[in-house]
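Here's run.pdb, which has PDB, C-alpha atoms:
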ATOM      1  CA  MET A   1      13.649  10.466  -5.330
ATOM      2  CA  ALA A   2      16.193   9.492  -7.952
ATOM      3  CA  GLU A   3      17.894  11.681 -10.531
ATOM      4  CA  THR A   4      20.110  10.674 -13.444
ATOM      5  CA  TRP A   5      22.270  12.349 -16.085
ATOM      6  CA  THR A   6      23.826  14.587 -13.453
ATOM      7  CA  VAL A   7      27.009  16.633 -13.190
ATOM      8  CA  LYS A   8      28.919  17.311  -9.974
ATOM      9  CA  GLU A   9      28.257  21.061  -9.761
ATOM     10  CA  ASP A  10      24.535  20.786 -10.482
ATOM     11  CA  VAL A  11      23.161  19.589  -7.138
ATOM     12  CA  GLN A  12      19.467  20.387  -6.795
ATOM     13  CA  THR A  13      17.973  21.755  -3.597
ATOM     14  CA  ILE A  14      14.638  20.041  -3.068
ATOM     15  CA  LYS A  15      12.471  21.234  -0.208
ATOM     16  CA  ASN A  16      12.417  18.775   2.732
ATOM     17  CA  HIS A  17      14.754  16.324   0.933
ATOM     18  CA  ASN A  18      18.399  15.474   1.589
ATOM     19  CA  LEU A  19      20.933  14.258  -0.939
ATOM     20  CA  ILE A  20      22.017  10.885   0.470
ATOM     21  CA  SER A  21      24.031   9.292  -2.313
ATOM     22  CA  SER A  22      25.644  10.691  -5.444
ATOM     23  CA  VAL A  23      28.131   9.638  -8.092
ATOM     24  CA  ASP A  24      29.286  12.003 -10.832
ATOM     25  CA  SER A  25      32.011  12.420 -13.387
ATOM     26  CA  GLN A  26      34.985  14.512 -12.334
ATOM     27  CA  ASP A  27      34.541  16.312 -15.677
ATOM     28  CA  LYS A  28      32.317  19.358 -15.127
ATOM     29  CA  ARG A  29      30.606  18.958 -18.518
ATOM     30  CA  THR A  30      29.895  15.231 -18.753
ATOM     31  CA  PRO A  31      26.448  14.360 -17.321
ATOM     32  CA  ILE A  32      26.886  10.698 -16.396
ATOM     33  CA  GLY A  33      25.907  10.710 -12.738
ATOM     34  CA  ALA A  34      23.113   9.357 -10.559
ATOM     35  CA  ARG A  35      21.669  10.588  -7.262
ATOM     36  CA  CYS A  36      19.285   9.559  -4.490
ATOM     37  CA  TYR A  37      17.383  12.084  -2.393
ATOM     38  CA  VAL A  38      15.276  11.124   0.620
ATOM     39  CA  HIS A  39      12.565  13.068   2.437
ATOM     40  CA  GLU A  40      13.871  14.305   5.783
ATOM     41  CA  ARG A  41      11.168  12.347   7.676
ATOM     42  CA  LEU A  42      12.918   9.155   6.562
ATOM     43  CA  ASN A  43      16.449  10.089   7.697
ATOM     44  CA  ALA A  44      16.321   7.743  10.707
ATOM     45  CA  TRP A  45      15.692   4.779   8.380
ATOM     46  CA  ILE A  46      18.668   5.421   6.084
ATOM     47  CA  LYS A  47      21.503   2.913   6.139
ATOM     48  CA  SER A  48      24.406   2.171   3.836
ATOM     49  CA  PRO A  49      24.660   4.936   1.214
ATOM     50  CA  TYR A  50      26.265   3.472  -1.917
ATOM     51  CA  SER A  51      27.873   4.897  -5.047
ATOM     52  CA  ASN A  52      29.846   3.393  -7.892
ATOM     53  CA  LEU A  53      30.989   4.562 -11.323
ATOM     54  CA  MET A  54      32.222   1.989 -13.837
ATOM     55  CA  SER A  55      33.626   3.306 -17.078
ATOM     56  CA  ASN A  56      35.605   2.137 -20.048
ATOM     57  CA  ASP A  57      36.281   3.352 -23.595
ATOM     58  CA  LYS A  58      32.662   2.518 -24.600
ATOM     59  CA  GLY A  59      30.885   4.503 -21.873
ATOM     60  CA  SER A  60      29.906   4.354 -18.229
ATOM     61  CA  VAL A  61      27.371   3.157 -15.700
ATOM     62  CA  SER A  62      26.693   5.193 -12.557
ATOM     63  CA  VAL A  63      24.877   3.694  -9.578
ATOM     64  CA  ALA A  64      23.915   5.691  -6.481
ATOM     65  CA  GLY A  65      21.825   4.146  -3.769
ATOM     66  CA  LEU A  66      20.985   3.511  -0.174
ATOM     67  CA  THR A  67      19.236   1.103   2.106
ATOM     68  CA  LEU A  68      16.058   2.534   3.595
ATOM     69  CA  GLY A  69      14.903   0.166   6.325
ATOM     70  CA  ASN A  70      14.944  -3.201   4.541
ATOM     71  CA  ILE A  71      14.695  -1.762   1.002
ATOM     72  CA  LEU A  72      17.673  -1.273  -1.304
ATOM     73  CA  ILE A  73      17.029   1.702  -3.610
ATOM     74  CA  LEU A  74      19.347   2.260  -6.577
ATOM     75  CA  SER A  75      19.431   5.117  -9.077
ATOM     76  CA  VAL A  76      21.150   4.075 -12.314
ATOM     77  CA  TYR A  77      22.444   5.980 -15.336
ATOM     78  CA  ARG A  78      23.817   4.000 -18.286
ATOM     79  CA  SER A  79      25.480   6.106 -20.976
ATOM     80  CA  PRO A  80      24.171   5.377 -24.500
ATOM     81  CA  LYS A  81      27.213   3.432 -25.767
ATOM     82  CA  SER A  82      28.056   1.616 -22.558
ATOM     83  CA  LEU A  83      28.123  -2.150 -22.838
ATOM     84  CA  LEU A  84      25.205  -4.002 -21.256
ATOM     85  CA  SER A  85      27.740  -6.264 -19.571
ATOM     86  CA  THR A  86      29.042  -3.186 -17.713
ATOM     87  CA  LEU A  87      25.493  -2.462 -16.546
ATOM     88  CA  HIS A  88      25.056  -6.063 -15.388
ATOM     89  CA  HIS A  89      28.383  -6.065 -13.539
ATOM     90  CA  SER A  90      27.577  -2.712 -11.876
ATOM     91  CA  LEU A  91      24.201  -3.945 -10.652
ATOM     92  CA  ILE A  92      25.587  -7.261  -9.381
ATOM     93  CA  LYS A  93      28.229  -5.321  -7.446
ATOM     94  CA  ALA A  94      25.573  -3.036  -5.933
ATOM     95  CA  VAL A  95      23.278  -5.839  -4.746
ATOM     96  CA  GLU A  96      25.796  -8.551  -3.806
ATOM     97  CA  SER A  97      25.900  -7.427  -0.179
ATOM     98  CA  HIS A  98      22.064  -7.389  -0.026
ATOM     99  CA  PRO A  99      21.100 -10.781  -1.514
ATOM    100  CA  ASN A 100      17.722 -11.280   0.191
ATOM    101  CA  ILE A 101      16.560  -7.706   0.535
ATOM    102  CA  THR A 102      13.683  -5.937  -1.203
ATOM    103  CA  ARG A 103      15.030  -3.960  -4.186
ATOM    104  CA  VAL A 104      13.981  -0.955  -6.241
ATOM    105  CA  LEU A 105      15.974   0.027  -9.316
ATOM    106  CA  ILE A 106      15.234   3.375 -10.956
ATOM    107  CA  GLY A 107      17.060   4.622 -13.983
ATOM    108  CA  ASP A 108      17.819   5.848 -17.440
ATOM    109  CA  PHE A 109      19.048   2.736 -19.223
ATOM    110  CA  ASN A 110      19.519   4.344 -22.667
ATOM    111  CA  CYS A 111      18.080   1.283 -24.338
ATOM    112  CA  ASN A 112      14.636   1.333 -25.962
ATOM    113  CA  LEU A 113      12.614  -1.112 -23.889
ATOM    114  CA  LEU A 114       9.776  -0.994 -26.451
ATOM    115  CA  ILE A 115      11.872  -2.873 -29.047
ATOM    116  CA  ASP A 116      12.253  -6.624 -28.629
ATOM    117  CA  GLU A 117      15.827  -6.657 -29.960
ATOM    118  CA  GLU A 118      16.880  -4.424 -27.074
ATOM    119  CA  ASN A 119      15.474  -6.666 -24.358
ATOM    120  CA  GLU A 120      18.845  -7.808 -23.051
ATOM    121  CA  ILE A 121      18.110  -5.314 -20.246
ATOM    122  CA  ILE A 122      15.033  -7.367 -19.344
ATOM    123  CA  GLU A 123      17.192 -10.509 -19.228
ATOM    124  CA  ILE A 124      19.616  -8.749 -16.874
ATOM    125  CA  MET A 125      16.752  -7.702 -14.611
ATOM    126  CA  GLU A 126      15.222 -11.194 -14.658
ATOM    127  CA  ASP A 127      18.629 -12.607 -13.707
ATOM    128  CA  MET A 128      18.479 -10.309 -10.676
ATOM    129  CA  ARG A 129      14.848 -11.372 -10.000
ATOM    130  CA  LEU A 130      13.492  -7.900 -10.800
ATOM    131  CA  LYS A 131      10.465  -7.084 -12.929
ATOM    132  CA  LEU A 132       9.448  -3.940 -14.789
ATOM    133  CA  VAL A 133       6.921  -2.042 -12.654
ATOM    134  CA  SER A 134       6.707   1.247 -14.576
ATOM    135  CA  PRO A 135       4.247   1.629 -17.476
ATOM    136  CA  LEU A 136       5.334   0.153 -20.799
ATOM    137  CA  LEU A 137       4.936   3.555 -22.472
ATOM    138  CA  PRO A 138       7.405   5.916 -24.165
ATOM    139  CA  THR A 139       9.354   8.094 -21.726
ATOM    140  CA  THR A 140      10.934  10.389 -24.328
ATOM    141  CA  ARG A 141       9.575  12.883 -26.816
ATOM    142  CA  ASN A 142      10.773  10.716 -29.706
ATOM    143  CA  GLY A 143       8.669   7.720 -28.641
ATOM    144  CA  THR A 144      11.265   5.521 -26.920
ATOM    145  CA  LYS A 145      11.243   4.029 -23.430
ATOM    146  CA  LEU A 146      14.669   4.610 -21.911
ATOM    147  CA  ASP A 147      13.617   5.150 -18.299
ATOM    148  CA  ALA A 148      12.194   2.486 -16.029
ATOM    149  CA  PHE A 149      11.491   1.211 -12.516
ATOM    150  CA  TYR A 150      12.277  -2.396 -11.651
ATOM    151  CA  SER A 151      11.452  -4.085  -8.372
ATOM    152  CA  ASN A 152      10.983  -7.418  -6.659
ATOM    153  CA  PHE A 153       7.834  -6.390  -4.779
ATOM    154  CA  GLU A 154       4.320  -5.219  -5.528
ATOM    155  CA  VAL A 155       3.403  -1.803  -6.923
ATOM    156  CA  LYS A 156       0.372   0.197  -5.833
ATOM    157  CA  ILE A 157       0.427   2.743  -8.695
ATOM    158  CA  SER A 158       2.794   3.505 -11.575
ATOM    159  CA  GLU A 159       2.490   6.478 -13.928
ATOM    160  CA  LEU A 160       4.289   9.038 -16.091
ATOM    161  CA  TYR A 161       4.284  12.764 -15.391
ATOM    162  CA  VAL A 162       4.197  15.222 -18.267
ATOM    163  CA  ALA A 163       7.477  17.149 -18.368
ATOM    164  CA  PHE A 164       7.586  20.561 -19.971
ATOM    165  CA  THR A 165      11.301  21.165 -19.406
ATOM    166  CA  SER A 166      12.852  17.787 -20.198
ATOM    167  CA  ILE A 167      13.018  15.391 -23.132
ATOM    168  CA  HIS A 168      12.362  12.533 -20.668
ATOM    169  CA  GLU A 169       9.043  12.062 -18.868
ATOM    170  CA  PRO A 170       9.482  11.613 -15.098
ATOM    171  CA  LEU A 171       8.217   8.328 -13.672
ATOM    172  CA  PHE A 172       6.175   7.947 -10.513
ATOM    173  CA  VAL A 173       5.713   4.684  -8.649
ATOM    174  CA  ARG A 174       4.085   4.051  -5.291
ATOM    175  CA  PHE A 175       4.842   0.711  -3.683
ATOM    176  CA  LYS A 176       2.817  -1.424  -1.297
ATOM    177  CA  LEU A 177       5.020  -1.772   1.772
TER
END

Write out the structure in this file as structure tokens.
Amino acid sequence: MAETWTVKEDVQTIKNHNLISSVDSQDKRTPIGARCYVHERLNAWIKSPYSNLMSNDKGSVSVAGLTLGNILILSVYRSPKSLLSTLHHSLIKAVESHPNITRVLIGDFNCNLLIDEENEIIEIMEDMRLKLVSPLLPTTRNGTKLDAFYSNFEVKISELYVAFTSIHEPLFVRFKL
């Protein structure tokens, strides 16, 4: 399970899940973090927790992740004004030590993926040999798609949940392993 737009003091307790990787701002009020939780049955498969925060005067990119068996799972939060080059650099850094491994990228990219002009994100993902596997549907109440799953392996099912407490719709993807 991945979570984005987090702050350090706001760690969620999720039944039967452990927080494996987290990166947050040191500022208590700035939600720029990312987290990865894993069901306790999978603890024996966890290797290499990873976290990285890249920031500059334009914004930040947070990446939290882990290797689960032979799958690299990354949770990504890109702040709205962060440069796409910062996102690209952050992702390259996260995957460079896992060049031939299966990858799953989950995140809030703060870029409307439904607008062609904003498809530089898609170019970044293609450069990393990842494809969009979540539905090409709006994930926010205002009709934009900011949240997405990318992967380099096949998906069994991919859907949106209806959220009653968030302005973003949670994504659900089940992979064929």

Counting only C-alpha atoms, the option among A:Ser75, A:Asn119, A:Ser82, A:Thr140 closest to Ser51 in chain A
A:Ser75

Tyr77 in chain A: which residues within 6 Å, counting all atoms listed in the file, same-chain residues fewer than 2 positions away excluded, as a ChimeraX atom specification?
/A:4,34,61-62,107-108

Resolved residues for the PyMOL selection byres ((chain A and resi 14) around 10) as JSON, numbers by chain:
{"A": [1, 11, 12, 13, 15, 16, 17, 18, 19, 37, 38, 39]}

Could you write out as a list in words the residues that the PyMOL selection byres ((chain A and resi 128) around 10) matches in the shown file?
His88, Leu91, Ile92, Val95, Pro99, Arg103, Ile122, Glu123, Ile124, Met125, Glu126, Asp127, Arg129, Leu130, Lys131, Ser151 and Asn152 of chain A

Residue nearest Phe109 in chain A among A:Leu84, A:Leu146, A:Met54, A:Val173 (counting only C-alpha atoms):
A:Leu146

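One finds CA of Gly65 in chain A at 9.4 Å from CA of Val23 in chain A.
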
Given the file shown, determine the residues that the PyMOL selection byres ((chain A and resi 133) around 6) selects; report them as a count of residues only.
4

Taking (14.9, -0.9, 9.5) in the coordinates of the supplied file, I want to know which residues reach to within 9 Å of it, counting only C-alpha atoms; could you give the answer as JSON, numbers by chain?
{"A": [44, 45, 46, 47, 67, 68, 69, 70, 71]}
